[in-house]
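Here is my_file.txt, consisting of compact mmCIF, C-alpha atoms and all ligand atoms:
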# COMPACT_ATOMS: atom_id res chain seq x y z
CA MET A 1334 3.93 2.89 -6.25
CA ILE A 1335 7.69 2.80 -6.51
CA ASP A 1336 9.65 5.23 -4.42
CA ARG A 1337 13.04 3.61 -4.78
CA ALA A 1338 14.86 2.64 -7.96
CA TYR A 1339 18.27 1.38 -8.97
CA ILE A 1340 19.96 2.60 -12.12
CA ASN A 1341 23.30 2.24 -13.84
CA VAL A 1342 24.83 5.27 -15.51
CA LYS A 1343 27.81 5.38 -17.82
CA SER A 1344 29.51 8.38 -19.33
CA GLY A 1345 31.03 8.24 -22.81
CA ARG A 1346 34.75 7.57 -23.17
CA GLY A 1347 36.96 10.10 -24.89
CA GLY A 1348 37.96 9.51 -28.50
CA ASN A 1349 41.59 8.57 -29.25
CA GLY A 1350 44.10 11.02 -30.62
CA LEU A 1351 45.69 9.99 -33.90
CA ILE A 1352 49.31 9.48 -34.93
CA SER A 1353 49.56 10.65 -38.51
CA GLY A 1354 51.43 12.88 -40.94
CA ARG A 1355 54.45 12.84 -43.15
CA ARG A 1356 57.90 12.73 -41.68
CA GLU A 1357 59.79 14.38 -44.51
CA LYS A 1358 60.75 17.96 -44.04
CA PHE A 1359 60.06 20.51 -46.74
CA VAL A 1360 57.04 18.61 -48.07
CA PRO A 1361 53.94 20.78 -48.47
CA TYR A 1362 51.46 20.01 -45.73
CA GLY A 1363 54.10 17.82 -44.14
CA GLY A 1364 54.60 17.30 -40.43
CA PRO A 1365 52.48 15.60 -37.81
CA ASP A 1366 48.77 16.10 -38.41
CA GLY A 1367 46.98 13.60 -36.14
CA GLY A 1368 43.84 15.23 -34.70
CA ASP A 1369 42.52 15.09 -31.13
CA GLY A 1370 39.74 12.77 -30.02
CA GLY A 1371 36.39 14.28 -29.02
CA ASP A 1372 35.22 14.38 -25.40
CA GLY A 1373 32.80 11.74 -24.21
CA GLY A 1374 29.29 12.78 -23.12
CA SER A 1375 28.45 13.19 -19.43
CA VAL A 1376 25.44 11.89 -17.53
CA TYR A 1377 23.37 14.41 -15.59
CA ILE A 1378 20.39 13.83 -13.38
CA SER A 1379 17.88 16.62 -13.12
CA CYS A 1380 14.54 16.95 -11.45
CA ASP A 1381 11.44 18.28 -12.98
CA LYS A 1382 8.03 18.87 -11.49
CA SER A 1383 6.18 17.21 -14.35
CA THR A 1384 7.74 13.88 -13.38
CA GLY A 1385 5.75 12.34 -10.54
CA THR A 1386 7.22 8.97 -9.64
CA LEU A 1387 10.19 6.65 -10.12
CA GLN A 1388 7.90 4.16 -11.86
CA ARG A 1389 9.56 4.26 -15.26
CA PHE A 1390 12.91 3.14 -13.85
CA ARG A 1391 11.31 -0.24 -13.42
CA TYR A 1392 11.45 -0.60 -17.19
CA LYS A 1393 14.73 1.10 -18.00
CA GLN A 1394 17.77 0.94 -15.73
CA ASN A 1395 20.73 1.71 -17.96
CA TYR A 1396 21.62 5.20 -19.08
CA SER A 1397 24.72 5.83 -21.18
CA ALA A 1398 26.07 8.92 -22.85
CA THR A 1399 27.83 8.51 -26.19
CA SER A 1400 31.59 8.36 -26.64
CA GLY A 1401 33.78 10.92 -28.34
CA GLY A 1402 34.92 10.20 -31.90
CA ASN A 1403 38.58 9.50 -32.70
CA GLY A 1404 40.77 12.23 -34.12
CA SER A 1405 41.55 11.95 -37.81
CA ARG A 1406 44.10 13.17 -40.32
CA VAL A 1407 44.73 16.79 -41.25
CA ASN A 1408 44.25 17.77 -37.58
CA LYS A 1409 40.59 16.90 -37.64
CA HIS A 1410 39.04 16.83 -34.17
CA GLY A 1411 36.77 13.89 -33.34
CA ALA A 1412 33.10 14.64 -32.63
CA ASN A 1413 32.16 15.17 -28.98
CA GLY A 1414 29.81 12.64 -27.42
CA GLU A 1415 26.38 13.83 -26.35
CA ASP A 1416 25.43 14.48 -22.75
CA ILE A 1417 22.27 12.91 -21.41
CA ASP A 1418 19.85 14.05 -18.75
CA VAL A 1419 17.98 11.53 -16.65
CA LEU A 1420 14.77 13.12 -15.40
CA VAL A 1421 13.58 12.35 -11.89
CA PRO A 1422 10.82 13.82 -9.73
CA VAL A 1423 11.47 16.74 -7.41
CA GLY A 1424 12.54 15.38 -4.04
CA THR A 1425 14.76 12.59 -5.32
CA GLN A 1426 17.92 11.71 -3.45
CA ILE A 1427 20.76 10.14 -5.40
CA TRP A 1428 22.91 7.58 -3.61
CA LEU A 1429 26.09 5.97 -4.84
CA GLU A 1430 25.72 2.26 -4.17
CA ASP A 1431 28.83 1.15 -2.38
CA ASP A 1432 29.53 -0.94 0.69
CA GLU A 1433 28.28 2.10 2.52
CA PRO A 1434 25.90 4.06 0.29
CA ILE A 1435 27.05 7.67 -0.21
CA LEU A 1436 24.58 10.49 -0.72
CA ILE A 1437 25.62 12.35 -3.88
CA ALA A 1438 22.80 14.82 -4.22
CA ASP A 1439 19.40 15.80 -2.91
CA LEU A 1440 17.38 17.25 -5.76
CA ALA A 1441 14.90 19.12 -3.62
CA TYR A 1442 13.75 21.92 -5.91
CA ASP A 1443 12.40 22.00 -9.42
CA GLY A 1444 15.19 22.31 -11.97
CA ASN A 1445 18.05 21.11 -9.74
CA ARG A 1446 20.65 19.29 -11.81
CA VAL A 1447 23.79 17.38 -10.96
CA MET A 1448 26.48 15.69 -13.05
CA VAL A 1449 26.89 12.13 -11.85
CA ALA A 1450 29.37 10.73 -14.39
CA SER A 1451 31.69 13.01 -16.30
CA GLY A 1452 32.59 12.16 -19.88
CA GLY A 1453 36.15 11.05 -20.63
CA LYS A 1454 38.35 13.74 -22.15
CA GLY A 1455 39.44 13.21 -25.72
CA GLY A 1456 43.06 12.11 -26.28
CA ARG A 1457 45.53 14.48 -27.94
CA GLY A 1458 46.74 13.70 -31.43
CA ASN A 1459 50.43 13.57 -32.27
CA ALA A 1460 50.39 17.12 -33.68
CA ARG A 1461 50.08 18.33 -30.08
CA PHE A 1462 53.29 16.67 -28.99
CA ALA A 1463 55.53 18.39 -31.53
CA THR A 1464 58.38 20.42 -30.04
CA SER A 1465 61.50 21.94 -31.51
CA ARG A 1466 63.41 18.88 -30.31
CA ASN A 1467 60.88 16.35 -31.49
CA GLN A 1468 59.40 17.47 -34.78
CA PHE A 1469 57.66 14.24 -35.54
CA PRO A 1470 56.11 12.76 -32.40
CA LEU A 1471 55.10 9.12 -32.53
CA LEU A 1472 52.86 9.67 -29.55
CA ALA A 1473 49.16 10.25 -29.11
CA GLU A 1474 46.76 9.70 -26.23
CA GLU A 1475 43.91 7.30 -25.89
CA GLY A 1476 40.68 8.93 -24.83
CA GLU A 1477 40.00 8.99 -21.13
CA ALA A 1478 37.97 6.00 -19.92
CA SER A 1479 34.26 6.25 -19.22
CA MET A 1480 32.84 6.26 -15.71
CA GLU A 1481 30.25 3.76 -14.65
CA LEU A 1482 28.25 4.01 -11.45
CA ASN A 1483 25.44 2.14 -9.78
CA LEU A 1484 23.02 4.57 -8.24
CA ARG A 1485 20.04 4.28 -6.00
CA LEU A 1486 17.26 6.82 -6.35
CA ASP A 1487 15.04 7.54 -3.35
CA LEU A 1488 12.01 9.71 -3.77
CA LYS A 1489 11.46 11.63 -0.58
CA LEU A 1490 8.64 14.00 -1.38
CA ILE A 1491 5.99 12.41 -3.52
CA ALA A 1492 3.28 15.05 -3.38
CA ASP A 1493 2.33 18.47 -2.07
CA ILE A 1494 -0.95 17.32 -0.58
CA GLY A 1495 -1.84 13.99 0.99
CA ILE A 1496 -5.48 13.01 1.47
CA VAL A 1497 -5.96 10.94 4.60
CA GLY A 1498 -9.05 9.55 6.25
CA ALA A 1499 -11.01 6.45 7.12
CA PRO A 1500 -11.96 3.89 4.49
CA ASN A 1501 -14.94 4.99 2.40
CA ALA A 1502 -14.63 8.67 3.43
CA GLY A 1503 -14.50 9.70 -0.24
CA LYS A 1504 -10.74 10.30 -0.64
CA SER A 1505 -10.57 8.86 -4.12
CA SER A 1506 -13.73 10.74 -5.08
CA LEU A 1507 -12.01 13.94 -3.95
CA LEU A 1508 -8.88 13.20 -5.99
CA ALA A 1509 -11.07 12.52 -9.04
CA ALA A 1510 -12.97 15.78 -8.48
CA LEU A 1511 -9.79 17.88 -8.17
CA THR A 1512 -7.58 16.30 -10.81
CA ALA A 1513 -7.71 14.32 -14.03
CA ALA A 1514 -6.79 11.12 -12.20
CA HIS A 1515 -9.22 8.20 -12.37
CA PRO A 1516 -8.84 6.32 -9.10
CA LYS A 1517 -11.19 3.45 -8.42
CA ILE A 1518 -14.21 4.61 -6.41
CA ALA A 1519 -16.68 2.26 -4.77
CA GLY A 1520 -19.14 2.12 -1.89
CA TYR A 1521 -17.11 -0.25 0.24
CA PRO A 1522 -13.99 0.18 2.37
CA PHE A 1523 -10.47 -0.57 1.07
CA THR A 1524 -11.26 0.22 -2.53
CA THR A 1525 -7.93 1.95 -2.95
CA LEU A 1526 -5.03 -0.48 -2.51
CA GLU A 1527 -2.10 1.64 -3.66
CA PRO A 1528 -1.51 5.37 -3.50
CA VAL A 1529 -2.65 7.27 -6.58
CA LEU A 1530 -1.24 10.61 -7.73
CA GLY A 1531 -3.14 13.41 -9.44
CA VAL A 1532 -2.13 16.88 -10.60
CA LEU A 1533 -4.21 19.99 -9.98
CA GLU A 1534 -3.42 23.02 -12.15
CA ARG A 1535 -4.37 26.39 -10.72
CA GLY A 1536 -3.09 29.30 -12.81
CA ALA A 1537 0.67 28.97 -12.78
CA GLN A 1538 0.54 26.57 -9.84
CA THR A 1539 0.83 22.82 -10.14
CA ILE A 1540 -0.18 20.88 -7.07
CA VAL A 1541 0.52 17.18 -6.83
CA ILE A 1542 -2.02 15.34 -4.70
CA VAL A 1543 -1.80 11.78 -3.42
CA ASP A 1544 -4.79 9.67 -2.46
CA ILE A 1545 -3.87 6.87 -0.10
CA PRO A 1546 -5.80 3.83 1.05
CA GLY A 1547 -8.02 4.25 4.09
CA LEU A 1548 -6.45 4.22 7.55
CA ILE A 1549 -7.81 2.14 10.39
CA GLU A 1550 -6.94 1.38 13.97
CA GLY A 1551 -3.53 -0.31 14.19
CA ALA A 1552 -2.37 1.30 10.95
CA HIS A 1553 0.92 2.46 12.46
CA GLU A 1554 1.72 -1.17 13.35
CA GLY A 1555 1.04 -2.32 9.84
CA VAL A 1556 -2.63 -3.27 10.11
CA GLY A 1557 -4.11 -3.02 6.60
CA LEU A 1558 -0.61 -2.08 5.37
CA GLY A 1559 -1.24 1.22 7.14
CA ASP A 1560 2.41 1.76 8.04
CA GLN A 1561 3.34 1.78 4.35
CA PHE A 1562 0.63 4.31 3.56
CA LEU A 1563 1.67 6.48 6.46
CA ARG A 1564 5.16 6.45 5.01
CA HIS A 1565 3.75 7.92 1.81
CA ILE A 1566 2.09 10.83 3.57
CA GLU A 1567 5.30 11.41 5.47
CA ARG A 1568 6.51 12.74 2.16
CA THR A 1569 3.83 15.33 1.58
CA ARG A 1570 3.78 18.93 2.74
CA VAL A 1571 0.15 19.39 3.68
CA LEU A 1572 -2.59 16.96 4.69
CA VAL A 1573 -6.28 17.06 3.92
CA HIS A 1574 -8.01 14.98 6.55
CA LEU A 1575 -11.25 13.89 4.97
CA ILE A 1576 -14.18 12.98 7.21
CA ASP A 1577 -17.29 11.12 6.10
CA GLY A 1578 -20.00 13.43 7.47
CA SER A 1579 -22.65 10.75 6.94
CA ALA A 1580 -20.86 8.15 9.05
CA ASP A 1581 -21.80 7.19 12.59
CA ASP A 1582 -19.29 8.92 14.81
CA PRO A 1583 -16.95 10.86 12.56
CA VAL A 1584 -15.31 12.79 15.39
CA ALA A 1585 -14.27 9.57 17.14
CA THR A 1586 -12.96 8.17 13.84
CA TYR A 1587 -11.00 11.37 13.29
CA HIS A 1588 -9.32 11.03 16.69
CA GLU A 1589 -8.55 7.36 16.03
CA ILE A 1590 -6.73 8.24 12.83
CA ARG A 1591 -4.88 11.11 14.48
CA GLU A 1592 -3.78 8.71 17.18
CA GLU A 1593 -2.38 6.33 14.55
CA MET A 1594 -0.48 9.21 12.96
CA GLU A 1595 0.85 10.27 16.35
CA GLN A 1596 2.04 6.71 17.06
CA PHE A 1597 3.71 6.49 13.67
CA GLY A 1598 5.72 9.63 14.43
CA GLN A 1599 7.92 11.24 11.75
CA GLY A 1600 6.23 14.58 12.31
CA LEU A 1601 2.96 13.58 10.66
CA THR A 1602 0.85 15.35 13.24
CA GLU A 1603 2.97 18.48 12.95
CA LYS A 1604 2.14 18.93 9.29
CA PRO A 1605 -0.28 21.67 8.29
CA GLN A 1606 -3.69 20.08 7.98
CA ILE A 1607 -7.09 20.98 6.58
CA ILE A 1608 -10.09 19.18 7.98
CA ALA A 1609 -12.75 18.64 5.32
CA ILE A 1610 -16.15 17.15 6.05
CA ASN A 1611 -17.42 15.30 3.00
CA LYS A 1612 -20.83 14.22 1.69
CA THR A 1613 -22.67 17.45 2.49
CA ASP A 1614 -25.15 16.49 -0.22
CA VAL A 1615 -26.50 13.77 2.08
CA ASP A 1616 -29.48 14.86 4.16
CA GLY A 1617 -28.58 16.23 7.57
CA VAL A 1618 -24.82 16.34 7.00
CA VAL A 1619 -24.67 20.15 6.69
CA GLU A 1620 -26.35 20.54 10.08
CA MET A 1621 -24.18 17.88 11.72
CA SER A 1622 -21.05 19.51 10.27
CA GLU A 1623 -21.59 22.53 12.47
CA LEU A 1624 -21.51 20.30 15.52
CA TYR A 1625 -18.41 18.48 14.29
CA GLU A 1626 -16.71 21.75 13.53
CA ALA A 1627 -17.41 23.00 17.04
CA GLU A 1628 -15.96 19.80 18.50
CA LEU A 1629 -12.86 19.85 16.31
CA LYS A 1630 -12.13 23.57 16.68
CA GLY A 1631 -9.76 22.85 19.52
CA GLU A 1632 -7.52 21.06 17.04
CA GLY A 1633 -6.59 24.42 15.58
CA TYR A 1634 -6.84 23.48 11.91
CA SER A 1635 -8.70 25.15 9.10
CA PHE A 1636 -12.00 23.62 8.31
CA CYS A 1637 -14.35 23.26 5.36
CA THR A 1638 -17.34 21.30 4.19
CA ILE A 1639 -17.51 19.71 0.76
CA SER A 1640 -19.20 17.19 -1.41
CA ALA A 1641 -16.57 15.38 -3.45
CA ALA A 1642 -19.14 13.51 -5.53
CA GLY A 1643 -21.38 16.58 -5.91
CA HIS A 1644 -18.46 19.00 -6.56
CA LEU A 1645 -19.56 21.37 -3.79
CA GLY A 1646 -17.23 23.59 -1.75
CA LEU A 1647 -14.16 22.56 -3.77
CA ASP A 1648 -13.01 26.11 -4.60
CA GLU A 1649 -12.84 26.98 -0.94
CA LEU A 1650 -10.89 23.78 -0.25
CA ILE A 1651 -8.43 24.57 -3.06
CA GLU A 1652 -7.92 28.09 -1.67
CA LYS A 1653 -7.11 26.60 1.73
CA MET A 1654 -4.71 24.11 0.18
CA LEU A 1655 -2.85 26.86 -1.70
CA GLN A 1656 -2.60 28.96 1.42
CA ALA A 1657 -1.31 26.05 3.50
CA LEU A 1658 1.26 25.21 0.82
CA VAL A 1659 2.57 28.77 0.78
CA GLU A 1660 2.90 28.70 4.56
CA SER A 1661 4.60 25.29 4.56
CA ARG A 1662 7.09 26.47 1.94
CA GLU A 1663 7.93 29.54 3.98
CA GLU A 1664 8.54 27.30 6.91
CA PHE A 1665 10.73 24.71 5.19
CA GLU A 1666 12.55 26.71 2.53
CA PRO A 1667 14.08 29.77 4.12
CA GLY A 1668 16.63 29.99 1.32
CA GLY A 1669 13.97 29.92 -1.38
CA ALA A 1670 14.13 27.91 -4.57
CA GLU A 1671 17.64 29.13 -5.41
CA GLN A 1672 19.09 27.13 -2.57
CA ILE A 1673 21.43 24.45 -3.85
CA PRO A 1674 20.88 21.14 -2.14
CA ILE A 1675 23.63 19.24 -3.89
CA LEU A 1676 25.82 17.73 -1.26
CA SER A 1677 28.94 16.29 -2.76
CA PRO A 1678 30.46 16.23 -6.22
CA VAL A 1679 31.27 13.04 -8.05
CA GLU A 1680 34.29 11.15 -6.90
CA PRO A 1681 37.43 12.64 -8.48
CA ARG A 1682 39.31 10.48 -10.91
CA ARG A 1683 42.10 8.59 -9.18
CA GLU A 1684 45.52 10.05 -9.85
CA GLN A 1685 48.08 7.86 -8.18
CA LEU A 1686 51.24 7.52 -10.29
CA VAL A 1687 52.35 3.97 -9.59
CA SER A 1688 51.04 1.09 -7.57
CA ARG A 1689 52.10 -2.43 -6.78
CA VAL A 1690 49.73 -5.13 -7.97
CA GLY A 1691 50.70 -8.63 -6.88
CA GLY A 1692 54.40 -7.85 -6.65
CA GLU A 1693 54.43 -6.11 -10.02
CA LEU A 1694 54.83 -2.37 -10.47
CA VAL A 1695 52.05 -0.88 -12.54
CA VAL A 1696 51.80 2.70 -13.74
CA THR A 1697 48.32 3.91 -12.79
CA LEU A 1698 48.49 7.56 -13.84
CA SER A 1699 45.84 7.74 -16.55
CA ALA A 1700 47.74 10.33 -18.61
CA ALA A 1701 50.59 7.81 -18.86
CA THR A 1702 48.53 4.71 -19.61
CA ARG A 1703 46.60 6.62 -22.26
CA LEU A 1704 49.84 7.51 -24.03
CA ALA A 1705 51.10 3.95 -23.75
CA GLY A 1706 47.85 2.66 -25.19
CA MET A 1707 48.60 4.41 -28.47
CA THR A 1708 52.30 3.60 -28.59
CA ASP A 1709 53.56 1.03 -31.09
CA PRO A 1710 55.42 -1.43 -28.84
CA ASN A 1711 57.67 -2.56 -31.69
CA ASN A 1712 58.83 0.91 -32.59
CA TRP A 1713 61.90 1.72 -30.47
CA GLU A 1714 61.76 5.38 -31.40
CA ALA A 1715 58.19 5.65 -30.16
CA ARG A 1716 59.19 3.92 -26.93
CA ILE A 1717 62.00 6.39 -26.36
CA GLN A 1718 59.55 9.24 -26.82
CA LEU A 1719 57.14 7.60 -24.40
CA TYR A 1720 59.93 7.16 -21.85
CA ASP A 1721 60.71 10.85 -22.16
CA GLN A 1722 57.04 11.70 -21.43
CA LEU A 1723 56.95 9.31 -18.45
CA ARG A 1724 59.96 11.09 -17.05
CA ARG A 1725 58.25 14.49 -17.43
CA MET A 1726 55.14 13.22 -15.66
CA GLY A 1727 57.20 12.08 -12.69
CA VAL A 1728 56.44 8.41 -13.32
CA ILE A 1729 60.09 7.38 -13.55
CA LYS A 1730 60.83 9.06 -10.21
CA ALA A 1731 57.85 7.32 -8.68
CA LEU A 1732 59.07 3.94 -9.94
CA GLU A 1733 62.46 4.61 -8.38
CA ALA A 1734 60.82 5.65 -5.15
CA ALA A 1735 58.83 2.41 -5.19
CA GLY A 1736 62.13 0.51 -5.25
CA ILE A 1737 62.37 -0.68 -8.85
CA GLU A 1738 65.65 -2.46 -9.66
CA HIS A 1739 67.66 -3.41 -12.69
CA GLY A 1740 65.94 -6.24 -14.59
CA ASP A 1741 62.51 -5.64 -13.01
CA ILE A 1742 59.51 -5.43 -15.31
CA PHE A 1743 56.98 -2.64 -14.96
CA LYS A 1744 53.69 -2.30 -16.79
CA VAL A 1745 52.30 0.82 -18.38
CA GLY A 1746 48.99 0.24 -20.14
CA LYS A 1747 49.48 -2.73 -22.45
CA LEU A 1748 53.28 -2.36 -22.48
CA ASP A 1749 55.74 -4.39 -20.42
CA TRP A 1750 59.01 -2.65 -19.82
CA GLU A 1751 62.28 -3.89 -18.47
CA TRP A 1752 64.02 -1.46 -16.16
CA GLU A 1753 67.63 -0.74 -17.09
N1 LIG A 1801 -23.25 11.08 -1.26
C1 LIG A 1801 -21.95 11.18 -1.45
N2 LIG A 1801 -21.23 10.07 -1.60
C2 LIG A 1801 -19.90 10.21 -1.77
C3 LIG A 1801 -19.25 11.48 -1.80
N3 LIG A 1801 -17.95 11.29 -1.99
C4 LIG A 1801 -17.76 9.96 -2.10
N4 LIG A 1801 -18.93 9.31 -1.98
C5 LIG A 1801 -19.17 7.85 -2.03
O1 LIG A 1801 -18.50 7.21 -0.97
C6 LIG A 1801 -18.05 5.94 -1.37
C7 LIG A 1801 -16.57 5.81 -1.13
O2 LIG A 1801 -15.87 6.70 -1.99
P1 LIG A 1801 -14.32 6.55 -2.30
O3 LIG A 1801 -13.92 7.80 -2.99
O4 LIG A 1801 -14.04 5.26 -2.95
O5 LIG A 1801 -13.78 6.52 -0.81
P2 LIG A 1801 -12.29 6.29 -0.31
O6 LIG A 1801 -12.11 7.16 0.89
O7 LIG A 1801 -11.34 6.49 -1.40
O8 LIG A 1801 -12.34 4.79 0.15
P3 LIG A 1801 -11.12 3.74 0.34
O9 LIG A 1801 -10.29 3.82 -0.88
O10 LIG A 1801 -11.80 2.45 0.48
O11 LIG A 1801 -10.41 4.15 1.56
C8 LIG A 1801 -18.42 5.82 -2.85
O12 LIG A 1801 -19.63 5.12 -2.96
C9 LIG A 1801 -18.60 7.25 -3.28
O13 LIG A 1801 -19.49 7.37 -4.37
C10 LIG A 1801 -20.06 12.63 -1.62
O14 LIG A 1801 -19.62 13.78 -1.64
N5 LIG A 1801 -21.40 12.42 -1.44
MG MG A 1802 -10.05 5.26 -2.21

As structure tokens, how would this structure be written, given the file I've shared?
Amino acid sequence: MIDRAYINVKSGRGGNGLISGRREKFVPYGGPDGGDGGDGGSVYISCDKSTGTLQRFRYKQNYSATSGGNGSRVNKHGANGEDIDVLVPVGTQIWLEDDEPILIADLAYDGNRVMVASGGKGGRGNARFATSRNQFPLLAEEGEASMELNLRLDLKLIADIGIVGAPNAGKSSLLAALTAAHPKIAGYPFTTLEPVLGVLERGAQTIVIVDIPGLIEGAHEGVGLGDQFLRHIERTRVLVHLIDGSADDPVATYHEIREEMEQFGQGLTEKPQIIAINKTDVDGVVEMSELYEAELKGEGYSFCTISAAGHLGLDELIEKMLQALVESREEFEPGGAEQIPILSPVEPRREQLVSRVGGELVVTLSAATRLAGMTDPNNWEARIQLYDQLRRMGVIKALEAAGIEHGDIFKVGKLDWEWE
């Protein structure tokens, strides 16, 4: 079972604005008519309770939204790119992979959604730059660049109910009896080697149940991979502790497993728990169950007797599970499902005007580089118009403040410019 995955997301870039139109005055339909580029699509991540694991991210790691279309003539706007939604299970944390990973969002409740990479804005066409002073602008903007991020997904809560117990207790049989899952079942210990998820539908309720491999003494220290399995039940709300009623000393085994859980820590023994004695169809188990129940009463948990293989007592067990889930939700979700767990928004786009890169002054303001990207470097008139825009954006002031001198070269997008 995978509970961590790495993905790469990329938003769509904005489409370019267009420089187009007829320069002559008094011509019908004359004037600048270059349309705007469309906006690029954004990438969202949303959680959904029908998605159980991060398994499928093993096969697909790259998620990209589409780019905006370029503007065209006659003021025609480019098509917008399409947003995409990456579906993850409820309980997924999204981390930005950096030197120090940064938690972007904690999708704790069904339907939570967060934008992780915003689409680039479309560039403006030359029609938008027309003023009374400049009736035929030779300027347009490139679309805003896309955003690309490497993310780590961590699934915190994998199931509502975790079934724990000794090897051979009948845990997988119980999962098979309650859900449509088909775990391997066999009459020897350690049949289950990896956790298996199943879904139980009860009216409008959907309960995700996880069956884990059997726990034995030393589990918390890693014996039989027990520490890994304990980590899985750490991420469930309610435990069903299944006891093999036909085994030799089930009460002692129960205490052994509780001791392992106690040693492991992480609040496992504080979770709501239902003790279920299994195999009541075996002769004598019903009678012995009364004794076991009396001995385990002091534990303060609710108690029932079932036969997983014989499908006996399951309705009562399901009722107890539902009740425990309601109580656990009241305890952990005071704000209810409306609560928004999203922690921090995506990193804002960098908006520094000018920076020095290896002794050279480079204009970094994206609004400026996008204009430069569409400017014909050989057209002096276009360059004058661009210079005028750079001045309005405060770029020229910033270059002066950075100490630019006569004869120095500065870069804006693909253009090199000599300072005069
Ligand atoms: N008689 C009887 N046998 C049962 C019952 N439930 C399970 N069993 C049997 O007990 C054996 C173990 O069942 P599993 O469901 O594989 O047990 P498990 O707890 O998942 O075992 P591990 O995965 O090895 O930890 C199998 O032979 C089952 O058929 C029951 O209610 N009655
Ligand atoms: Mg099993």

Quick one: everything within 7 Å of range 1566-1579 of chain A, counting all atoms listed in the file, minus sequence neighbours fewer than 2 positions away in the same chain. Send it as number ranges by chain.
A: 1489-1498, 1502, 1504, 1562-1564, 1581, 1583, 1599, 1601, 1604-1613, 1615, 1618, 1622, 1657-1658, 1661

Show me a table, sorted first by chain and then by increasing residue number, of the residues of chain A having an atom at most 7 Å from ligand MG 1802 (chain A), each with its shortest atom pair and the distance in Å to one decimal, counting only C-alpha atoms and all ligand atoms and written as JSON lines.
{"residue": "A:Asn1501", "atom": "CA", "partner": "A:MG1802", "partner_atom": "MG", "distance": 6.7}
{"residue": "A:Gly1503", "atom": "CA", "partner": "A:MG1802", "partner_atom": "MG", "distance": 6.6}
{"residue": "A:Lys1504", "atom": "CA", "partner": "A:MG1802", "partner_atom": "MG", "distance": 5.3}
{"residue": "A:Ser1505", "atom": "CA", "partner": "A:MG1802", "partner_atom": "MG", "distance": 4.1}
{"residue": "A:Lys1517", "atom": "CA", "partner": "A:MG1802", "partner_atom": "MG", "distance": 6.6}
{"residue": "A:Ile1518", "atom": "CA", "partner": "A:MG1802", "partner_atom": "MG", "distance": 5.9}
{"residue": "A:Phe1523", "atom": "CA", "partner": "A:MG1802", "partner_atom": "MG", "distance": 6.7}
{"residue": "A:Thr1524", "atom": "CA", "partner": "A:MG1802", "partner_atom": "MG", "distance": 5.2}
{"residue": "A:Thr1525", "atom": "CA", "partner": "A:MG1802", "partner_atom": "MG", "distance": 4.0}
{"residue": "A:Asp1544", "atom": "CA", "partner": "A:MG1802", "partner_atom": "MG", "distance": 6.9}
{"residue": "A:Ile1545", "atom": "CA", "partner": "A:MG1802", "partner_atom": "MG", "distance": 6.7}
{"residue": "A:Pro1546", "atom": "CA", "partner": "A:MG1802", "partner_atom": "MG", "distance": 5.5}
{"residue": "A:Gly1547", "atom": "CA", "partner": "A:MG1802", "partner_atom": "MG", "distance": 6.7}

With C-alpha atoms kept, could you save the residues just selected as an mmCIF file, in the frame of the given file?
data_model
loop_
_atom_site.group_PDB
_atom_site.id
_atom_site.type_symbol
_atom_site.label_atom_id
_atom_site.label_comp_id
_atom_site.auth_asym_id
_atom_site.auth_seq_id
_atom_site.Cartn_x
_atom_site.Cartn_y
_atom_site.Cartn_z
ATOM 1 C CA ASN A 1501 -14.940 4.990 2.400
ATOM 2 C CA GLY A 1503 -14.500 9.700 -0.240
ATOM 3 C CA LYS A 1504 -10.740 10.300 -0.640
ATOM 4 C CA SER A 1505 -10.570 8.860 -4.120
ATOM 5 C CA LYS A 1517 -11.190 3.450 -8.420
ATOM 6 C CA ILE A 1518 -14.210 4.610 -6.410
ATOM 7 C CA PHE A 1523 -10.470 -0.570 1.070
ATOM 8 C CA THR A 1524 -11.260 0.220 -2.530
ATOM 9 C CA THR A 1525 -7.930 1.950 -2.950
ATOM 10 C CA ASP A 1544 -4.790 9.670 -2.460
ATOM 11 C CA ILE A 1545 -3.870 6.870 -0.100
ATOM 12 C CA PRO A 1546 -5.800 3.830 1.050
ATOM 13 C CA GLY A 1547 -8.020 4.250 4.090
#

Between A:Ala1715, A:Ile1729, A:Leu1624, A:Ala1519, which one has atoms that come closest to ligand LIG 1801 (chain A), using only C-alpha atoms and all ligand atoms?
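Closest to ligand LIG 1801 (chain A), using only C-alpha atoms and all ligand atoms: A:Ala1519.
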
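Using only C-alpha atoms and all ligand atoms, the shortest contact distance between ligand LIG 1801 (chain A) and any of A:Lys1393, A:His1644, A:Arg1466, A:Lys1730 is found at A:His1644.
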
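The space separating CA of Gly1536 in chain A from CA of Cys1380 in chain A comes to 21.6 Å.
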
Pick the closest to ligand LIG 1801 (chain A) from A:Lys1744, A:Arg1406, A:His1515, A:His1553: which is it, counting all atoms listed in the file?
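Checking each candidate against ligand LIG 1801 (chain A), we get A:His1515 as the closest.
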
Please provide the set of residues having any atom within 6 Å of Lys1382 in chain A, restricted to all atoms listed in the file, with same-chain residues fewer than 2 positions apart removed, written as a list in words.
Thr1384, Val1423 and Asp1443 of chain A

Emit as AutoDock Vina command-line options the padded axis-aligned box for all listed atoms of ligand LIG 1801 (chain A), 6 Å per side, with centre and edge lengths in Å to one decimal.
--center_x -16.8 --center_y 8.1 --center_z -1.4 --size_x 25.0 --size_y 23.3 --size_z 17.9

From the options A:Phe1390, A:Phe1597, A:Tyr1377, A:Tyr1339, which residue's atoms come nearest to Leu1484 in chain A, counting all atoms listed in the file?
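Residue with the minimum atom-to-atom distance to Leu1484 in chain A: A:Tyr1339.
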